[in-house]
Structure formats: structure tokens, C-alpha cells
>>> print(open('data-v2.txt').read())   # compact mmCIF, C-alpha atoms and all ligand atoms
# COMPACT_ATOMS: atom_id res chain seq x y z
CA MET A 1 -31.05 57.28 -15.05
CA GLY A 2 -32.13 60.04 -12.72
CA MET A 3 -35.49 61.64 -13.06
CA ASN A 4 -35.96 65.32 -12.45
CA SER A 5 -38.96 67.40 -13.24
CA VAL A 6 -39.71 70.99 -14.23
CA THR A 7 -42.55 71.16 -11.71
CA ASN A 8 -40.14 70.34 -8.91
CA ILE A 9 -38.72 73.23 -6.87
CA GLY A 10 -35.23 71.87 -6.23
CA ARG A 11 -33.01 70.70 -9.08
CA ASN A 12 -32.41 67.30 -7.53
CA GLY A 13 -33.32 65.11 -4.58
CA ILE A 14 -30.77 66.54 -2.19
CA GLN A 15 -31.98 70.11 -2.78
CA ASP A 16 -35.56 69.07 -2.11
CA TRP A 17 -34.40 67.33 1.02
CA ILE A 18 -32.46 70.37 2.27
CA ILE A 19 -35.38 72.70 1.48
CA GLN A 20 -37.70 70.38 3.39
CA ARG A 21 -35.45 70.29 6.48
CA VAL A 22 -34.53 73.99 6.59
CA THR A 23 -38.10 75.20 6.08
CA ALA A 24 -39.26 72.77 8.79
CA TYR A 25 -36.81 74.36 11.24
CA VAL A 26 -37.94 77.87 10.32
CA LEU A 27 -41.59 76.91 10.80
CA ALA A 28 -40.84 75.25 14.12
CA LEU A 29 -39.00 78.38 15.31
CA TYR A 30 -41.82 80.64 14.19
CA THR A 31 -44.43 78.48 15.88
CA LEU A 32 -42.43 78.37 19.12
CA PHE A 33 -41.94 82.12 19.02
CA LEU A 34 -45.66 82.76 18.55
CA LEU A 35 -46.52 80.27 21.31
CA GLY A 36 -44.08 82.06 23.61
CA PHE A 37 -45.62 85.39 22.65
CA PHE A 38 -49.13 84.19 23.45
CA VAL A 39 -48.06 82.73 26.77
CA THR A 40 -45.99 85.70 27.99
CA THR A 41 -48.07 88.57 26.63
CA ASP A 42 -51.57 89.64 27.39
CA VAL A 43 -52.54 89.73 23.73
CA ASP A 44 -54.79 92.55 22.65
CA TYR A 45 -54.93 94.65 19.51
CA GLN A 46 -52.22 96.98 20.82
CA ALA A 47 -49.71 94.23 21.54
CA TRP A 48 -50.51 92.41 18.31
CA SER A 49 -50.06 95.44 16.05
CA ALA A 50 -46.96 96.53 17.98
CA LEU A 51 -45.44 93.13 17.25
CA PHE A 52 -46.22 93.39 13.55
CA ALA A 53 -44.96 96.97 13.41
CA GLN A 54 -41.41 95.80 14.01
CA GLY A 55 -39.28 95.34 10.93
CA TRP A 56 -37.55 92.17 12.13
CA PHE A 57 -40.86 90.48 12.81
CA LYS A 58 -42.13 91.33 9.35
CA ILE A 59 -39.05 89.72 7.90
CA PHE A 60 -39.41 86.72 10.22
CA SER A 61 -43.06 86.36 9.16
CA LEU A 62 -42.17 86.60 5.49
CA LEU A 63 -39.50 83.97 6.01
CA ALA A 64 -42.09 81.70 7.64
CA LEU A 65 -44.50 82.32 4.78
CA LEU A 66 -41.86 81.49 2.17
CA SER A 67 -41.00 78.41 4.19
CA ILE A 68 -44.61 77.24 4.16
CA ALA A 69 -44.67 77.73 0.40
CA GLY A 70 -41.40 75.85 -0.14
CA HIS A 71 -42.30 73.09 2.30
CA ALA A 72 -45.73 72.59 0.77
CA TRP A 73 -44.32 72.64 -2.74
CA VAL A 74 -41.81 69.88 -2.08
CA GLY A 75 -44.29 67.90 -0.01
CA LEU A 76 -47.19 68.09 -2.43
CA TRP A 77 -44.94 67.45 -5.42
CA THR A 78 -43.77 64.27 -3.71
CA VAL A 79 -47.25 63.13 -2.77
CA SER A 80 -48.60 63.85 -6.25
CA THR A 81 -45.82 61.86 -7.93
CA ASP A 82 -46.46 58.99 -5.51
CA TYR A 83 -50.18 58.71 -6.06
CA ILE A 84 -51.12 60.28 -9.39
CA LYS A 85 -49.72 58.22 -12.20
CA SER A 86 -51.15 59.93 -15.26
CA ALA A 87 -49.30 63.04 -16.33
CA MET A 88 -52.06 65.55 -17.09
CA PRO A 89 -54.04 65.43 -13.82
CA ARG A 90 -50.75 65.39 -11.94
CA PHE A 91 -49.47 68.44 -13.75
CA LEU A 92 -52.77 70.29 -13.19
CA LEU A 93 -52.68 69.54 -9.47
CA GLN A 94 -49.05 70.66 -9.22
CA ALA A 95 -49.79 73.84 -11.14
CA ALA A 96 -52.78 74.57 -8.91
CA CYS A 97 -50.62 74.10 -5.79
CA VAL A 98 -47.94 76.42 -7.12
CA LEU A 99 -50.54 79.04 -8.01
CA VAL A 100 -52.11 78.91 -4.54
CA MET A 101 -48.67 79.19 -2.93
CA PHE A 102 -47.80 82.17 -5.12
CA VAL A 103 -51.04 83.95 -4.24
CA TYR A 104 -50.47 83.35 -0.53
CA VAL A 105 -46.96 84.78 -0.68
CA VAL A 106 -47.97 87.94 -2.57
CA TRP A 107 -51.03 88.41 -0.41
CA GLY A 108 -48.93 87.87 2.72
CA ILE A 109 -46.45 90.53 1.62
CA GLN A 110 -49.32 92.94 1.08
CA ILE A 111 -50.67 92.25 4.55
CA LEU A 112 -47.31 92.45 6.30
CA TRP A 113 -46.32 95.75 4.75
CA GLY A 114 -49.84 97.14 4.60
CA LEU A 115 -49.69 97.65 0.84
CA MET B 116 -53.60 23.71 11.10
CA LEU B 117 -55.44 25.58 8.38
CA VAL B 118 -53.17 26.81 5.61
CA SER B 119 -54.62 29.39 3.27
CA LEU B 120 -52.70 29.54 0.02
CA TYR B 121 -52.75 32.27 -2.60
CA ARG B 122 -53.41 30.56 -5.91
CA TYR B 123 -53.21 32.07 -9.36
CA ASN B 124 -52.51 30.49 -12.69
CA PRO B 125 -52.88 33.16 -15.36
CA GLU B 126 -53.43 30.50 -18.03
CA THR B 127 -56.53 29.05 -16.37
CA ASP B 128 -57.74 31.49 -13.69
CA ASN B 129 -59.50 34.79 -14.29
CA ALA B 130 -58.50 36.06 -10.88
CA PRO B 131 -56.39 34.98 -7.91
CA TYR B 132 -58.15 33.11 -5.11
CA MET B 133 -57.29 31.62 -1.71
CA GLN B 134 -57.21 27.84 -1.33
CA ASP B 135 -57.64 26.30 2.12
CA VAL B 136 -55.62 23.19 2.95
CA GLU B 137 -55.74 21.31 6.26
CA ILE B 138 -52.24 20.25 7.31
CA GLU B 139 -51.50 17.81 10.16
CA LEU B 140 -48.53 19.12 12.14
CA PRO B 141 -46.32 16.46 13.76
CA GLU B 142 -46.41 16.42 17.57
CA GLY B 143 -43.52 17.97 19.48
CA LYS B 144 -41.74 19.35 16.45
CA ASP B 145 -41.72 22.88 15.08
CA LEU B 146 -41.76 22.79 11.30
CA MET B 147 -40.54 25.59 9.09
CA VAL B 148 -43.11 27.22 6.83
CA LEU B 149 -41.34 25.69 3.82
CA ASP B 150 -41.94 22.20 5.27
CA VAL B 151 -45.63 23.04 5.57
CA LEU B 152 -45.62 24.10 1.92
CA ALA B 153 -44.03 20.78 0.97
CA LEU B 154 -46.81 18.97 2.85
CA ALA B 155 -49.40 21.08 1.04
CA LYS B 156 -47.77 20.21 -2.27
CA GLU B 157 -48.14 16.51 -1.45
CA LYS B 158 -51.88 17.08 -1.21
CA ASP B 159 -52.07 19.32 -4.26
CA PRO B 160 -49.06 19.00 -6.57
CA THR B 161 -50.09 22.03 -8.63
CA VAL B 162 -49.00 24.54 -5.95
CA ALA B 163 -46.04 26.55 -7.27
CA PHE B 164 -43.34 28.15 -5.14
CA ARG B 165 -39.59 28.72 -5.36
CA ARG B 166 -36.99 27.25 -3.07
CA SER B 167 -33.49 25.93 -3.34
CA CYS B 168 -31.11 25.88 -0.39
CA ARG B 169 -33.77 25.44 2.35
CA GLU B 170 -31.41 27.08 4.86
CA GLY B 171 -31.74 30.84 4.38
CA VAL B 172 -28.84 31.26 1.98
CA CYS B 173 -30.19 31.43 -1.57
CA GLY B 174 -33.01 33.92 -1.03
CA SER B 175 -35.49 32.22 -3.36
CA ASP B 176 -38.38 31.49 -0.99
CA GLY B 177 -39.23 35.00 0.15
CA MET B 178 -42.98 35.20 0.71
CA ASN B 179 -45.63 36.85 2.82
CA MET B 180 -46.54 34.73 5.84
CA ASN B 181 -49.52 35.89 7.90
CA GLY B 182 -48.85 39.41 6.67
CA LYS B 183 -45.09 39.56 7.16
CA ASN B 184 -42.40 38.98 4.55
CA GLY B 185 -39.69 36.45 5.26
CA LEU B 186 -37.94 33.32 4.07
CA ALA B 187 -40.22 30.31 4.43
CA CYS B 188 -37.30 27.91 5.01
CA ILE B 189 -36.04 29.60 8.18
CA THR B 190 -39.34 30.85 9.60
CA PRO B 191 -40.69 28.48 12.26
CA VAL B 192 -44.43 27.96 12.01
CA SER B 193 -44.77 28.85 15.70
CA ASP B 194 -43.34 32.32 14.95
CA VAL B 195 -46.03 33.31 12.49
CA VAL B 196 -49.11 31.15 13.05
CA LYS B 197 -52.14 32.95 14.49
CA ASN B 198 -55.24 31.13 15.76
CA ASN B 199 -53.99 27.91 14.20
CA LYS B 200 -54.10 29.54 10.78
CA LEU B 201 -51.33 30.34 8.31
CA VAL B 202 -51.97 32.59 5.31
CA LEU B 203 -49.33 32.40 2.59
CA ARG B 204 -49.18 35.02 -0.14
CA PRO B 205 -46.55 36.01 -2.70
CA LEU B 206 -44.28 38.97 -1.96
CA PRO B 207 -46.49 42.09 -2.29
CA GLY B 208 -46.08 44.65 -5.03
CA LEU B 209 -44.50 42.49 -7.75
CA PRO B 210 -46.39 40.85 -10.62
CA VAL B 211 -47.41 37.26 -9.88
CA ILE B 212 -46.23 34.67 -12.39
CA ARG B 213 -48.02 31.84 -10.65
CA ASP B 214 -49.18 31.14 -7.07
CA LEU B 215 -46.30 32.19 -4.77
CA VAL B 216 -43.87 32.87 -7.62
CA VAL B 217 -43.36 36.55 -8.45
CA ASP B 218 -41.64 38.29 -11.33
CA MET B 219 -38.49 39.82 -9.82
CA GLY B 220 -37.63 41.78 -12.99
CA LEU B 221 -38.20 45.24 -11.51
CA PHE B 222 -36.31 44.31 -8.36
CA TYR B 223 -33.27 43.22 -10.38
CA LYS B 224 -33.51 46.27 -12.60
CA GLN B 225 -33.12 48.48 -9.55
CA TYR B 226 -30.23 46.33 -8.37
CA GLU B 227 -28.51 46.67 -11.73
CA LYS B 228 -28.80 50.48 -11.59
CA VAL B 229 -26.49 50.77 -8.59
CA MET B 230 -23.60 49.10 -10.45
CA PRO B 231 -23.27 46.22 -7.97
CA TYR B 232 -19.62 45.49 -8.76
CA LEU B 233 -16.26 47.01 -7.94
CA VAL B 234 -15.09 49.73 -10.30
CA ASN B 235 -11.39 50.52 -10.17
CA ASP B 236 -9.55 52.43 -12.90
CA ASN B 237 -6.10 52.01 -11.38
CA PRO B 238 -3.84 49.44 -13.04
CA ALA B 239 -4.31 46.06 -11.42
CA PRO B 240 -1.50 45.20 -8.97
CA ALA B 241 0.54 42.05 -9.49
CA ILE B 242 -1.28 39.99 -6.84
CA GLU B 243 -4.38 41.59 -5.34
CA ARG B 244 -5.94 44.87 -4.27
CA LEU B 245 -5.28 44.92 -0.55
CA GLN B 246 -7.74 46.28 1.96
CA SER B 247 -6.97 47.03 5.60
CA PRO B 248 -8.97 45.09 8.20
CA GLU B 249 -10.56 48.41 9.25
CA ASP B 250 -11.72 49.16 5.72
CA ARG B 251 -12.96 45.61 5.32
CA GLU B 252 -15.00 46.01 8.50
CA LYS B 253 -16.96 48.84 6.88
CA LEU B 254 -18.59 46.30 4.61
CA ASP B 255 -20.03 44.24 7.46
CA GLY B 256 -23.80 44.43 7.57
CA LEU B 257 -23.82 45.26 3.85
CA TYR B 258 -22.30 42.39 1.89
CA GLU B 259 -24.44 39.72 3.58
CA CYS B 260 -27.57 40.60 1.57
CA ILE B 261 -28.95 37.59 -0.33
CA LEU B 262 -31.28 39.61 -2.60
CA CYS B 263 -34.39 37.86 -1.33
CA ALA B 264 -36.50 41.02 -1.94
CA CYS B 265 -38.34 40.67 1.38
CA CYS B 266 -37.38 44.26 2.26
CA SER B 267 -38.15 46.05 -1.00
CA THR B 268 -41.53 44.34 -1.33
CA ALA B 269 -42.40 45.42 2.24
CA CYS B 270 -41.61 49.05 1.45
CA PRO B 271 -44.57 51.31 0.55
CA SER B 272 -42.28 53.67 -1.34
CA PHE B 273 -41.21 50.75 -3.53
CA TRP B 274 -44.86 49.76 -4.09
CA TRP B 275 -45.67 53.26 -5.37
CA ASN B 276 -42.54 53.75 -7.50
CA PRO B 277 -40.94 50.37 -8.26
CA ASP B 278 -39.59 51.77 -11.52
CA LYS B 279 -37.89 54.84 -10.02
CA PHE B 280 -37.17 54.23 -6.33
CA ILE B 281 -34.23 51.85 -5.97
CA GLY B 282 -35.64 50.34 -2.82
CA PRO B 283 -33.96 49.19 0.38
CA SER B 284 -32.20 46.16 -1.08
CA GLY B 285 -30.64 48.03 -4.01
CA LEU B 286 -29.69 50.96 -1.79
CA LEU B 287 -28.01 48.68 0.73
CA GLN B 288 -25.90 47.37 -2.17
CA ALA B 289 -25.33 50.90 -3.46
CA TYR B 290 -23.80 51.75 -0.10
CA ARG B 291 -21.86 48.49 0.02
CA PHE B 292 -19.87 49.73 -3.01
CA LEU B 293 -19.80 53.39 -1.94
CA ALA B 294 -18.17 52.24 1.30
CA ASP B 295 -15.58 50.01 -0.35
CA SER B 296 -12.05 51.47 -0.11
CA ARG B 297 -11.07 49.71 -3.35
CA ASP B 298 -13.76 51.40 -5.43
CA THR B 299 -12.86 54.51 -7.45
CA ALA B 300 -16.27 55.38 -8.91
CA GLN B 301 -17.79 57.08 -5.86
CA ALA B 302 -18.48 60.34 -7.70
CA GLU B 303 -20.24 58.57 -10.55
CA ARG B 304 -22.23 56.41 -8.15
CA LEU B 305 -23.44 59.44 -6.20
CA ALA B 306 -24.28 61.37 -9.37
CA ASN B 307 -26.57 58.50 -10.35
CA LEU B 308 -28.44 58.68 -7.05
CA ASP B 309 -29.18 62.35 -6.49
CA ASP B 310 -32.51 62.64 -8.33
CA PRO B 311 -35.72 62.98 -6.26
CA PHE B 312 -36.68 59.30 -6.59
CA SER B 313 -33.73 56.90 -6.40
CA VAL B 314 -32.85 57.51 -2.75
CA PHE B 315 -35.11 60.26 -1.49
CA ARG B 316 -38.37 58.37 -1.72
CA CYS B 317 -37.29 56.55 1.40
CA ARG B 318 -39.54 57.88 4.16
CA GLY B 319 -37.76 56.08 6.96
CA ILE B 320 -40.68 53.76 7.69
CA MET B 321 -38.20 50.96 8.46
CA ASN B 322 -40.40 48.11 7.23
CA CYS B 323 -37.25 46.92 5.49
CA VAL B 324 -35.38 46.60 8.77
CA SER B 325 -38.21 44.75 10.47
CA VAL B 326 -38.45 42.03 7.80
CA CYS B 327 -34.84 41.42 6.69
CA PRO B 328 -34.16 37.73 7.41
CA LYS B 329 -30.45 38.49 7.59
CA GLY B 330 -30.91 41.18 10.23
CA LEU B 331 -29.51 43.90 7.96
CA ASN B 332 -30.38 47.57 8.23
CA PRO B 333 -31.08 49.22 4.86
CA THR B 334 -32.46 52.38 6.52
CA LYS B 335 -29.07 53.04 8.13
CA ALA B 336 -27.29 52.52 4.80
CA ILE B 337 -29.74 54.93 3.16
CA GLY B 338 -28.89 57.48 5.85
CA HIS B 339 -25.19 57.10 5.01
CA ILE B 340 -25.89 57.62 1.30
CA ARG B 341 -27.90 60.74 2.12
CA ASN B 342 -24.99 62.10 4.13
CA LEU B 343 -22.59 61.45 1.26
CA LEU B 344 -24.97 63.26 -1.12
CA LEU B 345 -25.21 66.12 1.36
CA GLN B 346 -21.43 66.43 1.60
CA ARG B 347 -21.22 66.42 -2.15
CA ALA B 348 -23.87 69.12 -2.54
CA THR B 349 -22.60 71.59 0.05
S1 LIG A 401 -36.97 52.82 5.61
FE1 LIG A 401 -37.06 53.55 3.51
S2 LIG A 401 -36.45 51.82 2.28
FE2 LIG A 401 -36.95 51.00 4.32
S3 LIG A 401 -39.10 50.39 4.14
FE3 LIG A 401 -39.04 52.47 4.86
S4 LIG A 401 -39.22 53.79 3.07
FE4 LIG A 401 -38.66 51.74 2.43
S1 LIG A 402 -31.49 43.50 2.70
FE1 LIG A 402 -32.28 41.69 3.75
S2 LIG A 402 -34.43 41.58 3.12
FE2 LIG A 402 -33.41 42.95 1.71
S3 LIG A 402 -32.87 41.67 -0.02
FE3 LIG A 402 -31.10 41.77 1.35
S4 LIG A 402 -31.30 40.00 2.67
FE4 LIG A 402 -33.28 40.28 1.69
S1 LIG A 403 -34.77 28.15 0.17
FE1 LIG A 403 -32.96 29.29 0.05
S2 LIG A 403 -33.39 30.95 1.35
FE2 LIG A 403 -35.10 29.68 1.67
>>> encode(input="data-v2.txt", output="C-alpha cells", more="lines below")
Ligand code: SF4
Ligand code: SF4
Ligand code: FES
Amino acid sequence: MGMNSVTNIGRNGIQDWIIQRVTAYVLALYTLFLLGFFVTTDVDYQAWSALFAQGWFKIFSLLALLSIAGHAWVGLWTVSTDYIKSAMPRFLLQAACVLVMFVYVVWGIQILWGL
Amino acid sequence: MLVSLYRYNPETDNAPYMQDVEIELPEGKDLMVLDVLALAKEKDPTVAFRRSCREGVCGSDGMNMNGKNGLACITPVSDVVKNNKLVLRPLPGLPVIRDLVVDMGLFYKQYEKVMPYLVNDNPAPAIERLQSPEDREKLDGLYECILCACCSTACPSFWWNPDKFIGPSGLLQAYRFLADSRDTAQAERLANLDDPFSVFRCRGIMNCVSVCPKGLNPTKAIGHIRNLLLQRAT
């Protein structure tokens, strides 16, 4: 009766739903933090690189990046299954989204840790 | 008043078209939309629509009146008419059999999926399965559904996935049995609902709530189901 899919990140609807909510909270927190930082700090190169030099902020940023990837994955998977009814183009779009997300995450790690 | 009727007879028409009929409304009396349809049928007996009880009980005359779904028999013309014009279309999103008559097959298929009957494995008691007044109260706002399909055919998520998303009407009934103290199949019911489509395609748009002629709230019931699924998963 149920329909699950290999291109889906969660194993069922409730997992998708939880991923969507939790990542939304993380992204909201990250956005608020950055807004607060911009408002309270006179942002120049020094302040900016000092912020990113701190271990906790790197982890926080990575968490936000993973959240974007997870959020986008669930969201785009849902939109693609709503609107694209033939399997091949849908699969290609989903695969392309996953690839882009993967590249962003790896690239982000490289940037954050200066690899 | 100008009545614009959606007409389609697949045996003779290549495509659906709108037919304009002028209807004289009686002075000082507010007709129901179903009465207007009856007057239109006097002028053109080939117009097809469903109706039975003509008092909002059977759920057979759900249709789209000036853009909003509802039961023609209990919708006063004055509630929906705009600029002295009334546009009547079949419920959106379901295949049209003829004129205002739609094929409800997919709608019933979704209804069937939720096992709309009590399941109880315990041996039947000598007289009846009792329910406390408090437990009975939990079914209020759920059991009154007349399966008119006004809600599900107003729901964009049902338009996109009528084969996989159960839709507001079916989900309201799913919760009606999940909430019943006499039912023993809760685990099985929830297991059947936890895929990404059956429940989770609901985006909380609440079109269902705004059209239900019985004043029911499928969105709230869907929220309860989601909470039960959440409890089960964590
Ligand atoms: S609240 Fe959910 S079920 Fe109701 S119309 Fe919106 S998407 Fe459909
Ligand atoms: S919930 Fe309301 S609109 Fe939907 S089928 Fe039942 S009575 Fe009709
Ligand atoms: S005719 Fe029965 S609900 Fe309208």
C-alpha cells in the first residue's frame, strides 16, 4: 500500500517530515545568529575570519550546510514527485539535485577547514 | 440570471463546452442551486447531474459553483451568485462521466485504503461493545462525513496525486477509526499510513476545511494522525 522510494532520503513519510522540521529549525537558528552577528559587530575581514576560526562555529556552519542539503533533498524530492510524472526525467532531476547537494557539502567542508 | 453549465457527453462531444441558460428566479424567494439546476433541466432535459436527498444528507450533488465546491441542494443561490451569473462545473480533478457527473472511483479507492470499519480481535461480548460517553465524544466531528468529495476535489495535493495521497476525506475517516476506543488495529492502521504520500502530501492549505458542507475539519484530523505517527516513530 505504502510507496517509498530509493531516491528519497528518509525511509518513510514521518522521517522526511522530521528531517524537514529539524533542519528548518537549524537553518532558522543559523540565520538568526548571523543576523545578530552582523548587527552587533562591525564586520571586517578580521572579525569575519576570527568568527570562522572558532571550532564551534565551524561545526555550527557544517550543521547548517548539512541541513540545507537535507532540507533541499526532501523538498525537491517532494516537488519532483508532485509535478514530474514520468520516471526517467524525474529520476534524472533527483539525481542531479543529490549530486549538487553532495558537491556543496564537500566543498563547504573544504572551505570551512581550509583544506 | 445567467447560468453557465459545463456540458460534456463523451459519446457525442469532442471536448467539453459551457452552455448558457437564462433562468427566471422567482421574486422574494432564495432558491438552492439544485432548484436552479432542475429549472435548467426543464429547458434542456439532456443536462446530467446527480442528486438524491435534496437536503445535504446523501452527498451526491457535490459540484463546483462559481469556483467553490459544495452541495447544490443546500447552497442558496444568493451565497454564490456573482454579477447575476452562476457557473456550474463538475468537481475538479476527477474524470467526467457526463456533464456534472464525475467518476468517484479514485475517491472511493482512497477511502477503502483506510479500512473504514471497526476492527476488533477480542471475542464479541454477549450484548454489545460498550464505549464511555467520553470516548464516544472523541468521534464527534469525524463520523458526520457524508463522503461528498467536496474536500478532496478542492485539495491541490489530491489533484497531483489522487492515486497515492489519501486526501482529506479519507484521512478524516482514517482518524475516525484511529480514535475509536473499540478498535484494536491502531498499529496496523498507522503502519499503512507512514509512507511519504498517504498522509504527508497534505500541505496544510486548508481548502478542505473551507469547503466542507458539514463544517468538518480534515486538516485537524490529519494533524492528529501525524502526531500518532510521530509518537510511533520516536
Ligand atoms: S489541508 Fe491538506 S488535505 Fe486539506 S486541502 Fe490542504 S493539503 Fe489538502
Ligand atoms: S469531510 Fe466534508 S467535504 Fe469531505 S467528504 Fe466529508 S462531508 Fe464531504
Ligand atoms: S442531494 Fe443529497 S446532499 Fe444534495
>>> residues_near_ligand(input="data-v2.txt", ligand="ligand LIG 401 (chain A)", cutoff="8 Å", atoms="all atoms listed in the file", output="list in words")
Cys266, Ser267, Ala269, Cys270, Pro271, Ser272, Phe273, Gly282, Pro283, Ser284, Leu286, Arg316, Cys317, Arg318, Gly319, Ile320, Met321, Asn322, Cys323, Val324, Pro333, Thr334 and Ile337 of chain B
>>> residues_near_ligand(input="data-v2.txt", ligand="ligand LIG 402 (chain A)", cutoff="10 Å", atoms="all atoms listed in the file", output="VMD selection string")
chain B and resid 171 to 175 177 184 to 186 222 226 256 to 269 282 to 288 322 to 334
>>> residues_around(input="data-v2.txt", residues="B:Trp275", least_positions_apart="4", cutoff="10 Å", atoms="all atoms listed in the file", output="ChimeraX atom specification")
/A:81-85 /B:208,270-271,279-280,316
>>> write_last_selection(input="data-v2.txt", atoms="C-alpha atoms", output="mmCIF file, in the frame of the given file")
data_model
loop_
_atom_site.group_PDB
_atom_site.id
_atom_site.type_symbol
_atom_site.label_atom_id
_atom_site.label_comp_id
_atom_site.auth_asym_id
_atom_site.auth_seq_id
_atom_site.Cartn_x
_atom_site.Cartn_y
_atom_site.Cartn_z
ATOM 1 C CA THR A 81 -45.820 61.860 -7.930
ATOM 2 C CA ASP A 82 -46.460 58.990 -5.510
ATOM 3 C CA TYR A 83 -50.180 58.710 -6.060
ATOM 4 C CA ILE A 84 -51.120 60.280 -9.390
ATOM 5 C CA LYS A 85 -49.720 58.220 -12.200
ATOM 6 C CA GLY B 208 -46.080 44.650 -5.030
ATOM 7 C CA CYS B 270 -41.610 49.050 1.450
ATOM 8 C CA PRO B 271 -44.570 51.310 0.550
ATOM 9 C CA LYS B 279 -37.890 54.840 -10.020
ATOM 10 C CA PHE B 280 -37.170 54.230 -6.330
ATOM 11 C CA ARG B 316 -38.370 58.370 -1.720
#
>>> closest_residue(input="data-v2.txt", among="A:Trp77, A:Phe52, A:Phe91, A:Phe33", to="chain B", atoms="all atoms listed in the file")
A:Trp77
>>> interface_residues(input="data-v2.txt", of="chain B", to="chain A", cutoff="6 Å", atoms="all atoms listed in the file", output="MDAnalysis selection string")
chainID B and resid 275 309:311
>>> residues_around(input="data-v2.txt", residues="stretch 343-345 of chain B", least_positions_apart="2", cutoff="7 Å", atoms="all atoms listed in the file", output="list in words")
Ile14 of chain A; Leu305, Asp309, His339, Ile340, Arg341, Arg347, Ala348 and Thr349 of chain B
>>> atom_distance(input="data-v2.txt", atom1="atom FE1 of ligand LIG 403 (chain A)", atom2="atom CA of B:Val148")
12.4 Å
>>> atom_distance(input="data-v2.txt", atom1="atom CA of A:Val98", atom2="atom CA of A:Ala72")
9.0 Å
>>> residues_around(input="data-v2.txt", residues="B:Asn124", least_positions_apart="2", cutoff="7 Å", atoms="only C-alpha atoms", output="list in words")
Arg122, Glu126, Thr127, Asp128, Arg213 and Asp214 of chain B
>>> closest_residue(input="data-v2.txt", among="A:Leu34, A:Val22, A:Val43, A:Ala69", to="A:Phe57", atoms="all atoms listed in the file")
A:Leu34
>>> atom_distance(input="data-v2.txt", atom1="atom CA of B:Met178", atom2="atom CA of B:Glu139")
21.5 Å
>>> residues_around(input="data-v2.txt", residues="A:Tyr104", least_positions_apart="6", cutoff="12 Å", atoms="all atoms listed in the file", output="NGL selection string")
:A and (62 or 64-70 or 72 or 97-98 or 110-112)
>>> closest_residue(input="data-v2.txt", among="B:Leu149, B:Lys144, B:Leu117, B:Gln134", to="ligand LIG 403 (chain A)", atoms="all atoms listed in the file")
B:Leu149
>>> residues_around(input="data-v2.txt", residues="B:Leu221", least_positions_apart="6", cutoff="9 Å", atoms="only C-alpha atoms", output="NGL selection string")
:B and (209 or 277-278)
>>> write_last_selection(input="data-v2.txt", atoms="C-alpha atoms", output="tab-separated table (two decimals), in the frame of the given file")
chain	number	residue	atom	x	y	z
B	209	LEU	CA	-44.50	42.49	-7.75
B	277	PRO	CA	-40.94	50.37	-8.26
B	278	ASP	CA	-39.59	51.77	-11.52
>>> closest_residue(input="data-v2.txt", among="B:Ser167, B:Thr299, B:Asn179, B:Gln246", to="ligand LIG 403 (chain A)", atoms="only C-alpha atoms and all ligand atoms")
B:Ser167
>>> closest_residue(input="data-v2.txt", among="B:Ile138, B:Ala155, B:Val314, B:Ile189", to="ligand LIG 403 (chain A)", atoms="all atoms listed in the file")
B:Ile189
>>> build_atoms(input="data-v2.txt", residues="stretch 106-111 of chain A", atoms="all heavy atoms", output="tab-separated table (two decimals), in the frame of the given file")
chain	number	residue	atom	x	y	z
A	106	VAL	N	-47.75	86.53	-2.18
A	106	VAL	CA	-47.97	87.94	-2.57
A	106	VAL	C	-48.95	88.60	-1.62
A	106	VAL	O	-48.73	89.72	-1.12
A	106	VAL	CB	-48.50	88.01	-4.03
A	106	VAL	CG1	-48.85	89.45	-4.38
A	106	VAL	CG2	-47.45	87.47	-4.98
A	107	TRP	N	-50.02	87.90	-1.32
A	107	TRP	CA	-51.03	88.41	-0.41
A	107	TRP	C	-50.41	88.67	0.98
A	107	TRP	O	-50.65	89.70	1.61
A	107	TRP	CB	-52.15	87.36	-0.32
A	107	TRP	CG	-53.40	87.83	0.36
A	107	TRP	CD1	-53.74	89.09	0.70
A	107	TRP	CD2	-54.49	86.98	0.77
A	107	TRP	NE1	-54.97	89.11	1.30
A	107	TRP	CE2	-55.45	87.83	1.35
A	107	TRP	CE3	-54.74	85.62	0.68
A	107	TRP	CZ2	-56.65	87.33	1.86
A	107	TRP	CZ3	-55.93	85.14	1.19
A	107	TRP	CH2	-56.87	85.98	1.77
A	108	GLY	N	-49.59	87.73	1.43
A	108	GLY	CA	-48.93	87.87	2.72
A	108	GLY	C	-48.04	89.10	2.76
A	108	GLY	O	-48.03	89.84	3.75
A	109	ILE	N	-47.30	89.33	1.67
A	109	ILE	CA	-46.45	90.53	1.62
A	109	ILE	C	-47.31	91.79	1.72
A	109	ILE	O	-47.00	92.73	2.47
A	109	ILE	CB	-45.62	90.54	0.31
A	109	ILE	CG1	-44.60	89.39	0.36
A	109	ILE	CG2	-44.90	91.87	0.14
A	109	ILE	CD1	-43.86	89.18	-0.94
A	110	GLN	N	-48.41	91.79	1.01
A	110	GLN	CA	-49.32	92.94	1.08
A	110	GLN	C	-49.79	93.18	2.50
A	110	GLN	O	-49.81	94.32	2.99
A	110	GLN	CB	-50.54	92.69	0.18
A	110	GLN	CG	-50.23	92.86	-1.30
A	110	GLN	CD	-51.47	92.65	-2.14
A	110	GLN	OE1	-52.45	92.05	-1.71
A	110	GLN	NE2	-51.44	93.16	-3.36
A	111	ILE	N	-50.17	92.11	3.18
A	111	ILE	CA	-50.67	92.25	4.55
A	111	ILE	C	-49.57	92.76	5.47
A	111	ILE	O	-49.77	93.71	6.24
A	111	ILE	CB	-51.22	90.91	5.06
A	111	ILE	CG1	-52.48	90.52	4.27
A	111	ILE	CG2	-51.56	90.98	6.55
A	111	ILE	CD1	-52.97	89.12	4.54
